[in-house]
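Undergrad: Mind having a look at this structure? Questions to follow.
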Amino acid sequence: MGHYKTNLRDVEFNLFEVFDRQRVFGTAPFSELDSETVREILRAVERLATGPIAASYAEADRHPPVFDPAEGSVAVPKCFAESYRTWMDSGYYLLDLAPEFGGQGAPPSLRWAVTEMVQGANPAVRMFSMGPWFAQLLARIGTTEQQRFAELAIAGEWASTMVLTEADAGSDVGAGRTKAIAQPDGTWHIEGVKRFISGAEHDLADNIFHFVLARPEGAVGGTKGLSMFLVPKYLVDLETGRLGARNGVYATNLEKKMGLKASPTCELVFGANHPAIGYLVGDVHEGIKQMFLVMENARMSVGTKAVGALSTGYLNALGYAKSRAQGSDMTLRSDKTAPKVAIIRHPDVRRSLMTQKAYAEGLRALIMLAASYQDEIETARHNHRDASDISSVNDLLLPVIKAFSSERAYELLSMESLQNLGGSGFLQDYPLEQYVRDTKIDSLYEGTTGIQGIDLFFRKIDRDNGTALNLVLAEVERTSAAGGGRLDAERTQLDRAVADVRSIVDALRRWSTESAERPESIYKVGLNTSRLLMCLGDLLVGWLLVRQAEVALAALDRGDVAENFYLGKVGAARFFCATVLPRLAADAAIVLNTSTELMELPDGAF
Ligand SMILES: Cc1cc2nc3c(=O)[nH]c(=O)nc-3n(C[C@H](O)[C@H](O)[C@H](O)COP(=O)(O)OP(=O)(O)OC[C@H]3O[C@@H](n4cnc5c(N)ncnc54)[C@H](O)[C@@H]3O)c2cc1C
């Protein structure tokens, strides 16, 4: 058995029982894929994920890609190349593409369900396979020549990168100094040094094309002055499709990392020895706006990766807890002759397992919620209907999905899943320690949690006047207001938690307004944006677990056979509402008591 354990039953529960995706499957614009086909695809991807894709997960970690400084090349281990090839040969990566680009026009809900499995099995496989999706985006926003380039990139399965970070421009993307110098033939020469670029160099594809943020000479500072350039590793003859000269972009270092080692993270130098030719994407200077199209997908992807890891971490811990016998039942603790029990019988282990289950399944539901909104957005666009409300809610959810999922996944994998295995969890005989190492990156790249919290409050809540947030909170209140007896205590907890989140948001918005008169008031906002993000995440998970419990209770009433599955859903909702949601009241109290004292303390006092 490989390391990876899927939870397809839960994926299908979300798709078909909670979010009613059978309503959109098989209907335009997703006519190609009816519910039965979706189920078949999920099963086929599950077989690949648990088999050949997962197969190289540990080995590629122990024997990661190797850098040759003389050539500036990176060799990926053979075992990993086989996993990657299997995925590409399966053709399921084409689910991410629209029919006009050779894809199947799959609904986002199916795409993210598939993505969770591939990433849970071997996240770097998915990262390497994003080239065709990048090419599709290039075709949509690029010039006619770039559309031809995209066609070749899709056909040739070329790899891609997103290139923003520099030594002095990390979270502060606008500080980037990489230059773009206009050439008489309409191309650009890119000059600069980027760092931490995933997949910047490797031997898995014939060509690699980089989406690079650079500043045209004379452009203004900050993010506004950045433009996005297409910079291929090999120049391309667009007529014949043949690869031409090596472009002047080279990897000059491969980072040694804590985890996610199969994905090479490189320093990338542009134009050091010969020109790095770049093409202005779409022939317009809208770099940051264009890069956001990549980042939105990447942020959803990072959240999904974290959930995939937490889910398999939990299921591995669960398997261990059912088979490992230690100690006797607590009620017999003074009886020396009492039989040994599996550790799942110990209350503290049970608490730990249920915490993991509730978050793994609640976070998956959060991904599926956003994915369902994305289905609706694509359907509305297809039918020329306005989808701005759903789009703004989807935008609001993205920083929560990205940062809350990655924080909770890392925290639970290390504090709970690994812990459940005792000392064995610390060994490389089990996958837990690698899950912990491989998941830490999720709270860092694509914007750290701190940056996501700031984005959530300032861009998604305050600038929007709280409109999208109110739409979501109104949905939560609909659930909490519904009567029905058996979940009354949970609905009450939910109702209180909504009030707590509202009071946090109200306070932050008040201080934000106040800062026009008293600039230091903004510090009170900044001291609480991460807290707000985590509280909103907990509220949404609690809400979705209650929604799932409603569906489960209805199924149990019908006498449905999958009784344990549904009992688990009700149990998870009850546990979460009783043990997690009450903490939001303390968070709200902490927020309301915020002062600027911390900012006044001299740096030397730290
Ligand atoms: C394995 C790996 C792969 C990566 N892949 C890519 C890639 O493919 N392409 C790419 O362009 N980049 C990539 N990155 C870079 C990644 O996106 C950055 O590391 C990340 O955005 C943080 O930037 P930084 O490391 O410079 O940290 P810094 O920006 O220096 O941040 C340090 C700390 O300060 C906090 N902080 C910074 N500014 C603020 C602020 N204004 N308010 C509050 N807190 C703040 C941050 O939250 C963080 O905790 C990758 C990084 C790694 C490690």
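Please note that chains go A, B, ... in the order of the structure tokens, that every chain numbers its residues from 1, and that ligands are numbered from 1 in the order shown.
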Within 12 Å of Arg242 in chain A, counting only C-alpha atoms, which residues show up once you throw out same-chain ones fewer than 5 positions away? Write them as a compact mmCIF listing (two decimals) with N, CA and C atoms, in the first residue's frame, please.
TA:
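Result file selection_26.txt:
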# COMPACT_ATOMS: atom_id res chain seq x y z
N PHE A 149 1.91 30.51 -29.82
CA PHE A 149 2.86 29.96 -28.86
C PHE A 149 2.11 29.02 -27.90
N LEU A 152 1.28 25.66 -29.34
CA LEU A 152 2.46 24.79 -29.36
C LEU A 152 2.79 24.29 -27.95
N ALA A 153 2.62 25.17 -26.97
CA ALA A 153 2.94 24.79 -25.59
C ALA A 153 2.00 23.69 -25.10
N GLY A 156 2.89 20.47 -26.99
CA GLY A 156 4.20 19.93 -26.57
C GLY A 156 4.30 19.66 -25.08
N ASP A 206 10.27 19.67 -22.89
CA ASP A 206 11.20 20.15 -23.92
C ASP A 206 11.46 21.65 -23.79
N ASN A 207 10.46 22.36 -23.31
CA ASN A 207 10.62 23.80 -23.17
C ASN A 207 9.93 24.26 -21.88
N TYR A 234 13.67 28.16 -24.46
CA TYR A 234 14.11 28.11 -25.86
C TYR A 234 13.20 28.99 -26.69
N LEU A 235 13.81 29.76 -27.57
CA LEU A 235 13.00 30.56 -28.49
C LEU A 235 12.30 29.60 -29.44
N VAL A 236 11.19 30.07 -30.01
CA VAL A 236 10.34 29.15 -30.79
C VAL A 236 10.07 29.74 -32.17
N ASP A 237 10.23 28.91 -33.20
CA ASP A 237 9.82 29.31 -34.54
C ASP A 237 8.31 29.07 -34.63
Undergrad: Would you return as a list in words the members of range 255-478 of chain A that DSSP assigns to strand (DSSP E or B) on this structure's backbone?
TA: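 Put together, the selection reads Thr265, Cys266, Glu267, Leu268, Val269, Phe270, Ala276, Ile277, Gly278, Tyr279, Leu280, Ala325, Gln326, Gly327, Ser328, Lys340, Val341 and Ala342 of chain A.
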Undergrad: Excluding range 29-37 of chain A and residues on its chain fewer than 5 positions from it, collect all residues at most 9 Å away from it, counting only C-alpha atoms, and give them as an MDAnalysis selection string.
TA: chainID A and resid 16 21:24 42 104:107 378:379 382:383
Undergrad: Measuring between only C-alpha atoms and all ligand atoms, which one of A:Leu332, A:Ala309, A:Val212, A:Leu508 shows the shortest distance to ligand 1?
TA: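 For ligand 1, the nearest of the given residues is A:Val212.
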Undergrad: Collect all residues with atoms no farther than 10 Å from ligand 1, counting only C-alpha atoms and all ligand atoms, and output them as a VMD selection string.
TA: chain A and resid 127 160 to 173 194 to 200 210 to 213 255 to 261 263 to 267 295 298 438 440 to 454 526 to 527 529 to 530
